[in-house]
$ cat target_36.tsv   # TSV, C-alpha atoms and all ligand atoms
chain	number	residue	atom	x	y	z
A	1	MET	CA	-35.94	13.26	62.16
A	2	LYS	CA	-36.30	11.14	59.06
A	3	LYS	CA	-38.51	8.33	60.33
A	4	LEU	CA	-41.53	8.74	62.59
A	5	ALA	CA	-44.19	6.56	64.19
A	6	LEU	CA	-47.68	8.00	64.08
A	7	GLY	CA	-50.56	7.00	66.35
A	8	CYS	CA	-54.04	8.23	67.23
A	9	ASP	CA	-57.38	7.22	68.67
A	10	HIS	CA	-60.69	7.38	66.77
A	11	VAL	CA	-61.01	11.14	67.41
A	12	GLY	CA	-57.62	11.78	65.83
A	13	PHE	CA	-58.05	9.45	62.87
A	14	ILE	CA	-58.99	12.02	60.19
A	15	LEU	CA	-56.20	14.38	61.21
A	16	LYS	CA	-53.72	11.48	61.23
A	17	GLN	CA	-54.61	10.61	57.65
A	18	ASP	CA	-54.14	14.23	56.55
A	19	LEU	CA	-50.83	14.47	58.38
A	20	LEU	CA	-49.58	11.26	56.79
A	21	ALA	CA	-49.85	12.94	53.40
A	22	HIS	CA	-48.06	16.03	54.72
A	23	LEU	CA	-45.21	13.97	56.17
A	24	HIS	CA	-44.82	11.96	52.99
A	25	SER	CA	-44.64	15.20	50.98
A	26	LYS	CA	-41.69	16.22	53.22
A	27	GLY	CA	-39.90	12.96	52.46
A	28	ILE	CA	-40.36	11.58	55.96
A	29	GLU	CA	-40.82	7.85	56.37
A	30	VAL	CA	-43.80	7.06	58.59
A	31	ILE	CA	-44.83	3.90	60.40
A	32	ASP	CA	-48.58	4.06	60.99
A	33	LYS	CA	-49.35	2.49	64.38
A	34	GLY	CA	-53.11	3.07	64.06
A	35	THR	CA	-55.89	3.43	64.71
A	36	TRP	CA	-57.15	2.85	61.19
A	37	SER	CA	-60.79	4.00	61.34
A	38	GLU	CA	-63.21	6.19	63.30
A	39	GLU	CA	-64.48	3.20	65.25
A	40	ARG	CA	-64.32	3.96	68.97
A	41	THR	CA	-61.13	2.75	70.63
A	42	ASP	CA	-58.78	3.68	73.51
A	43	TYR	CA	-55.80	6.01	73.18
A	44	PRO	CA	-53.40	4.16	75.58
A	45	ARG	CA	-53.00	1.37	73.04
A	46	TYR	CA	-51.67	3.68	70.31
A	47	ALA	CA	-49.60	5.80	72.68
A	48	SER	CA	-47.93	2.57	73.83
A	49	ALA	CA	-47.23	1.37	70.28
A	50	VAL	CA	-45.59	4.67	69.34
A	51	ALA	CA	-43.64	4.94	72.62
A	52	GLU	CA	-42.28	1.41	72.17
A	53	ALA	CA	-41.22	2.17	68.60
A	54	VAL	CA	-39.29	5.24	69.80
A	55	ILE	CA	-37.66	3.43	72.73
A	56	GLN	CA	-36.65	0.46	70.56
A	57	GLY	CA	-35.08	2.79	68.01
A	58	GLU	CA	-37.45	1.68	65.27
A	59	VAL	CA	-38.07	5.38	64.57
A	60	ASP	CA	-36.47	8.72	65.43
A	61	GLY	CA	-39.60	10.14	67.06
A	62	GLY	CA	-43.35	9.87	67.41
A	63	LEU	CA	-46.50	11.85	66.71
A	64	LEU	CA	-49.70	11.22	68.68
A	65	ILE	CA	-53.23	12.57	68.25
A	66	CYS	CA	-56.32	12.20	70.40
A	67	GLY	CA	-59.14	14.65	71.09
A	68	THR	CA	-57.01	16.99	73.20
A	69	GLY	CA	-53.59	15.33	73.02
A	70	VAL	CA	-53.73	15.04	76.80
A	71	GLY	CA	-54.53	11.38	77.43
A	72	ILE	CA	-52.28	10.12	74.69
A	73	SER	CA	-49.29	12.24	75.87
A	74	ILE	CA	-49.81	11.28	79.52
A	75	THR	CA	-49.68	7.64	78.48
A	76	ALA	CA	-46.54	8.06	76.37
A	77	ASN	CA	-44.79	9.81	79.25
A	78	LYS	CA	-45.23	6.71	81.42
A	79	PHE	CA	-42.55	5.00	79.31
A	80	PRO	CA	-39.01	5.65	80.60
A	81	GLY	CA	-37.06	7.48	77.92
A	82	ILE	CA	-40.09	9.13	76.40
A	83	ARG	CA	-40.36	12.90	76.63
A	84	ALA	CA	-43.74	13.72	75.11
A	85	VAL	CA	-45.14	17.22	74.79
A	86	VAL	CA	-48.68	18.25	73.94
A	87	CYS	CA	-48.76	21.47	71.87
A	88	SER	CA	-51.39	23.71	70.36
A	89	GLU	CA	-48.95	26.24	68.84
A	90	PRO	CA	-45.57	25.98	67.08
A	91	TYR	CA	-43.43	27.96	69.57
A	92	SER	CA	-43.73	25.41	72.36
A	93	ALA	CA	-43.15	22.60	69.87
A	94	GLN	CA	-39.89	24.24	68.74
A	95	LEU	CA	-38.67	24.98	72.27
A	96	SER	CA	-39.61	21.49	73.44
A	97	ARG	CA	-37.06	20.10	70.98
A	98	GLN	CA	-34.39	22.74	71.63
A	99	HIS	CA	-34.58	22.70	75.44
A	100	ASN	CA	-36.30	19.46	76.48
A	101	ASP	CA	-35.21	17.07	73.70
A	102	THR	CA	-38.76	15.85	73.25
A	103	ASN	CA	-39.04	12.68	71.22
A	104	VAL	CA	-42.84	12.56	70.97
A	105	LEU	CA	-45.17	15.38	69.88
A	106	ALA	CA	-48.88	15.20	70.68
A	107	PHE	CA	-51.80	17.41	69.81
A	108	GLY	CA	-55.57	17.40	69.89
A	109	SER	CA	-57.75	17.09	66.83
A	110	ARG	CA	-60.49	18.91	68.76
A	111	VAL	CA	-58.05	21.73	69.51
A	112	VAL	CA	-56.06	22.36	66.33
A	113	GLY	CA	-57.06	22.21	62.66
A	114	LEU	CA	-54.97	20.69	59.91
A	115	GLU	CA	-53.06	23.83	58.91
A	116	LEU	CA	-52.08	24.64	62.50
A	117	ALA	CA	-51.17	20.98	63.11
A	118	LYS	CA	-48.85	21.09	60.09
A	119	MET	CA	-47.18	24.26	61.43
A	120	ILE	CA	-46.69	22.61	64.83
A	121	VAL	CA	-45.22	19.46	63.29
A	122	ASP	CA	-42.95	21.44	60.97
A	123	ALA	CA	-41.63	23.58	63.84
A	124	TRP	CA	-40.96	20.47	65.94
A	125	LEU	CA	-39.20	18.67	63.09
A	126	ALA	CA	-37.05	21.66	62.15
A	127	ALA	CA	-35.70	22.21	65.67
A	128	GLU	CA	-32.68	20.43	67.17
A	129	PHE	CA	-31.81	19.79	70.81
A	130	GLU	CA	-29.35	22.47	71.91
A	131	GLY	CA	-27.63	20.45	74.65
A	132	GLY	CA	-25.42	22.70	76.76
A	133	ARG	CA	-27.19	23.89	79.92
A	134	HIS	CA	-30.25	21.87	78.92
A	135	GLN	CA	-28.38	18.57	78.88
A	136	ALA	CA	-28.09	18.33	82.66
A	137	ARG	CA	-31.80	19.08	83.08
A	138	VAL	CA	-32.83	16.35	80.67
A	139	GLN	CA	-30.38	14.03	82.41
A	140	ALA	CA	-32.06	14.89	85.72
A	141	ILE	CA	-35.39	13.76	84.26
A	142	SER	CA	-33.79	10.43	83.30
A	143	GLU	CA	-32.42	10.03	86.81
A	144	ILE	CA	-35.89	10.56	88.30
A	145	GLU	CA	-37.21	7.84	85.98
A	146	GLN	CA	-34.46	5.45	87.04
A	147	ARG	CA	-35.18	6.02	90.75
A	148	ARG	CA	-38.74	4.85	90.16
A	149	GLU	CA	-37.96	1.74	88.14
B	201	LIG	C1	-62.05	10.44	73.51
B	201	LIG	O1	-63.38	10.80	73.70
B	201	LIG	C2	-61.15	11.46	74.21
B	201	LIG	O2	-61.27	11.36	75.58
B	201	LIG	C3	-59.71	11.27	73.77
B	201	LIG	O3	-59.61	11.43	72.40
B	201	LIG	C4	-58.70	12.25	74.36
B	201	LIG	O4	-59.10	13.56	74.18
B	201	LIG	C5	-58.29	11.99	75.74
B	201	LIG	O5	-57.42	12.67	76.32

$ encode --input "target_36.tsv" --output "structure tokens"
Amino acid sequence: MKKLALGCDHVGFILKQDLLAHLHSKGIEVIDKGTWSEERTDYPRYASAVAEAVIQGEVDGGLLICGTGVGISITANKFPGIRAVVCSEPYSAQLSRQHNDTNVLAFGSRVVGLELAKMIVDAWLAAEFEGGRHQARVQAISEIEQRRE
């Protein structure tokens, strides 16, 4: 993934700023979808902005941060075509790309520190979807989404 959208609520703001620098140092282009301060706000707004950017093809994938990563990933997963995972360690982040073709990674700024967050992001970015036996399972997820539209 060469271009990412990044979003957070007020609780994730500091970690987002630190991750921006990390992503830039890796040569990744980032569209910052906010929030832009520690002023209290609501995570669904930023989850929606990042999810839309991924669905529209504006970016290759998205990163989301709130206090736990839970609310912001639940919101992103309401958008058909989004497969968001919340991770607090790199192994699940890697496998979520290889097996589940996740296109959004979320984590909690109250759960992981900067160094662990960087390891999680790096593992997610380095992994590729393996297809094969996993393709039909991901397709089955899409079919469930379509039944509900
Ligand atoms: C905000 O207090 C907090 O609820 C939010 O950042 C997130 O953790 C929700 O899932």

$ residues_near_ligand --input "target_36.tsv" --ligand "ligand LIG 201 (chain B)" --cutoff "8 Å" --atoms "only C-alpha atoms and all ligand atoms" --output "number ranges by chain"
A: 9-12, 42-43, 65-72, 108, 110

$ write_last_selection --input "target_36.tsv" --atoms "C-alpha atoms" --output "short mmCIF file (atom, residue, chain, number, x, y, z; two decimals), in the frame of the given file"
data_model
loop_
_atom_site.label_atom_id
_atom_site.label_comp_id
_atom_site.auth_asym_id
_atom_site.auth_seq_id
_atom_site.Cartn_x
_atom_site.Cartn_y
_atom_site.Cartn_z
CA ASP A 9 -57.38 7.22 68.67
CA HIS A 10 -60.69 7.38 66.77
CA VAL A 11 -61.01 11.14 67.41
CA GLY A 12 -57.62 11.78 65.83
CA ASP A 42 -58.78 3.68 73.51
CA TYR A 43 -55.80 6.01 73.18
CA ILE A 65 -53.23 12.57 68.25
CA CYS A 66 -56.32 12.20 70.40
CA GLY A 67 -59.14 14.65 71.09
CA THR A 68 -57.01 16.99 73.20
CA GLY A 69 -53.59 15.33 73.02
CA VAL A 70 -53.73 15.04 76.80
CA GLY A 71 -54.53 11.38 77.43
CA ILE A 72 -52.28 10.12 74.69
CA GLY A 108 -55.57 17.40 69.89
CA ARG A 110 -60.49 18.91 68.76
#

$ residues_around --input "target_36.tsv" --residues "Ala117 in chain A" --least-positions-apart "6" --cutoff "12 Å" --atoms "all atoms listed in the file" --output "MDAnalysis selection string"
chainID A and resid 12 15:16 18:20 22:23 63:65 69 86:90 93 105:111 123:124

$ closest_residue --input "target_36.tsv" --among "A:Val121, A:Leu116, A:Pro80, A:Ser48" --to "Arg147 in chain A" --atoms "all atoms listed in the file"
A:Pro80

$ closest_residue --input "target_36.tsv" --among "A:Gly7, A:Phe79, A:Arg45, A:Met119" --to "Ser92 in chain A" --atoms "all atoms listed in the file"
A:Met119

$ closest_residue --input "target_36.tsv" --among "A:Lys33, A:Lys26, A:Arg40, A:Lys3" --to "Gly57 in chain A" --atoms "all atoms listed in the file"
A:Lys3

$ atom_distance --input "target_36.tsv" --atom1 "CA of Asp60 in chain A" --atom2 "CA of Ile31 in chain A"
10.9 Å

$ residues_around --input "target_36.tsv" --residues "Glu29 in chain A" --least-positions-apart "3" --cutoff "7 Å" --atoms "only C-alpha atoms" --output "number ranges by chain"
A: 2-4, 24

$ decode --input "target_36.tsv" --residues "range 99-136 of chain A" --atoms "N, CA and C atoms" --output "short mmCIF file (atom, residue, chain, number, x, y, z; two decimals), in the first residue's frame"
data_model
loop_
_atom_site.label_atom_id
_atom_site.label_comp_id
_atom_site.auth_asym_id
_atom_site.auth_seq_id
_atom_site.Cartn_x
_atom_site.Cartn_y
_atom_site.Cartn_z
N HIS A 99 -5.09 -13.33 5.17
CA HIS A 99 -6.25 -14.22 5.11
C HIS A 99 -7.57 -13.49 4.88
N ASN A 100 -7.69 -12.28 5.40
CA ASN A 100 -8.98 -11.58 5.37
C ASN A 100 -9.00 -10.38 4.44
N ASP A 101 -7.86 -10.07 3.84
CA ASP A 101 -7.75 -8.94 2.91
C ASP A 101 -8.29 -7.65 3.54
N THR A 102 -7.89 -7.41 4.78
CA THR A 102 -8.36 -6.18 5.44
C THR A 102 -7.85 -4.96 4.69
N ASN A 103 -8.71 -3.96 4.62
CA ASN A 103 -8.31 -2.71 3.96
C ASN A 103 -8.30 -1.53 4.92
N VAL A 104 -8.64 -1.78 6.18
CA VAL A 104 -8.54 -0.76 7.23
C VAL A 104 -7.98 -1.42 8.49
N LEU A 105 -7.00 -0.76 9.08
CA LEU A 105 -6.40 -1.21 10.34
C LEU A 105 -6.72 -0.19 11.42
N ALA A 106 -7.24 -0.68 12.55
CA ALA A 106 -7.54 0.22 13.67
C ALA A 106 -6.79 -0.23 14.91
N PHE A 107 -6.49 0.72 15.76
CA PHE A 107 -5.96 0.37 17.08
C PHE A 107 -6.28 1.47 18.07
N GLY A 108 -6.05 1.16 19.34
CA GLY A 108 -6.42 2.07 20.42
C GLY A 108 -5.22 2.76 21.02
N SER A 109 -5.30 4.08 21.12
CA SER A 109 -4.20 4.83 21.71
C SER A 109 -4.12 4.62 23.22
N ARG A 110 -5.22 4.10 23.82
CA ARG A 110 -5.17 3.77 25.24
C ARG A 110 -4.70 2.34 25.46
N VAL A 111 -4.47 1.63 24.37
CA VAL A 111 -4.10 0.21 24.45
C VAL A 111 -2.64 -0.01 24.05
N VAL A 112 -2.24 0.64 22.95
CA VAL A 112 -0.87 0.44 22.46
C VAL A 112 -0.12 1.77 22.49
N GLY A 113 1.19 1.68 22.75
CA GLY A 113 2.06 2.85 22.67
C GLY A 113 2.59 3.02 21.26
N LEU A 114 3.36 4.06 21.05
CA LEU A 114 3.82 4.39 19.71
C LEU A 114 4.65 3.28 19.09
N GLU A 115 5.59 2.72 19.84
CA GLU A 115 6.49 1.72 19.24
C GLU A 115 5.73 0.47 18.83
N LEU A 116 4.78 0.04 19.67
CA LEU A 116 3.97 -1.13 19.31
C LEU A 116 3.05 -0.78 18.13
N ALA A 117 2.50 0.41 18.13
CA ALA A 117 1.65 0.83 17.01
C ALA A 117 2.44 0.79 15.70
N LYS A 118 3.67 1.23 15.73
CA LYS A 118 4.50 1.20 14.52
C LYS A 118 4.74 -0.23 14.06
N MET A 119 4.98 -1.14 15.01
CA MET A 119 5.18 -2.56 14.65
C MET A 119 3.91 -3.15 14.03
N ILE A 120 2.76 -2.78 14.57
CA ILE A 120 1.48 -3.28 14.05
C ILE A 120 1.27 -2.76 12.63
N VAL A 121 1.48 -1.48 12.44
CA VAL A 121 1.31 -0.87 11.11
C VAL A 121 2.28 -1.49 10.11
N ASP A 122 3.53 -1.65 10.52
CA ASP A 122 4.54 -2.19 9.60
C ASP A 122 4.20 -3.62 9.20
N ALA A 123 3.72 -4.42 10.15
CA ALA A 123 3.34 -5.81 9.85
C ALA A 123 2.17 -5.84 8.87
N TRP A 124 1.21 -4.95 9.09
CA TRP A 124 0.02 -4.89 8.23
C TRP A 124 0.41 -4.46 6.81
N LEU A 125 1.28 -3.46 6.72
CA LEU A 125 1.68 -2.95 5.41
C LEU A 125 2.55 -3.94 4.64
N ALA A 126 3.32 -4.74 5.35
CA ALA A 126 4.25 -5.66 4.68
C ALA A 126 3.54 -6.90 4.14
N ALA A 127 2.37 -7.19 4.66
CA ALA A 127 1.68 -8.44 4.30
C ALA A 127 0.79 -8.23 3.07
N GLU A 128 0.65 -9.30 2.30
CA GLU A 128 -0.21 -9.28 1.09
C GLU A 128 -1.31 -10.31 1.24
N PHE A 129 -2.46 -10.04 0.65
CA PHE A 129 -3.54 -11.03 0.63
C PHE A 129 -3.08 -12.26 -0.15
N GLU A 130 -3.31 -13.43 0.44
CA GLU A 130 -2.83 -14.68 -0.18
C GLU A 130 -3.80 -15.26 -1.19
N GLY A 131 -5.06 -14.79 -1.20
CA GLY A 131 -6.03 -15.36 -2.14
C GLY A 131 -6.24 -16.84 -1.85
N GLY A 132 -6.28 -17.64 -2.93
CA GLY A 132 -6.43 -19.08 -2.76
C GLY A 132 -7.68 -19.43 -1.96
N ARG A 133 -7.52 -20.28 -0.94
CA ARG A 133 -8.68 -20.73 -0.17
C ARG A 133 -9.36 -19.59 0.59
N HIS A 134 -8.61 -18.48 0.76
CA HIS A 134 -9.19 -17.34 1.49
C HIS A 134 -10.10 -16.49 0.61
N GLN A 135 -9.90 -16.60 -0.70
CA GLN A 135 -10.67 -15.76 -1.62
C GLN A 135 -12.18 -16.02 -1.49
N ALA A 136 -12.56 -17.27 -1.43
CA ALA A 136 -13.99 -17.61 -1.37
C ALA A 136 -14.61 -17.13 -0.05
#
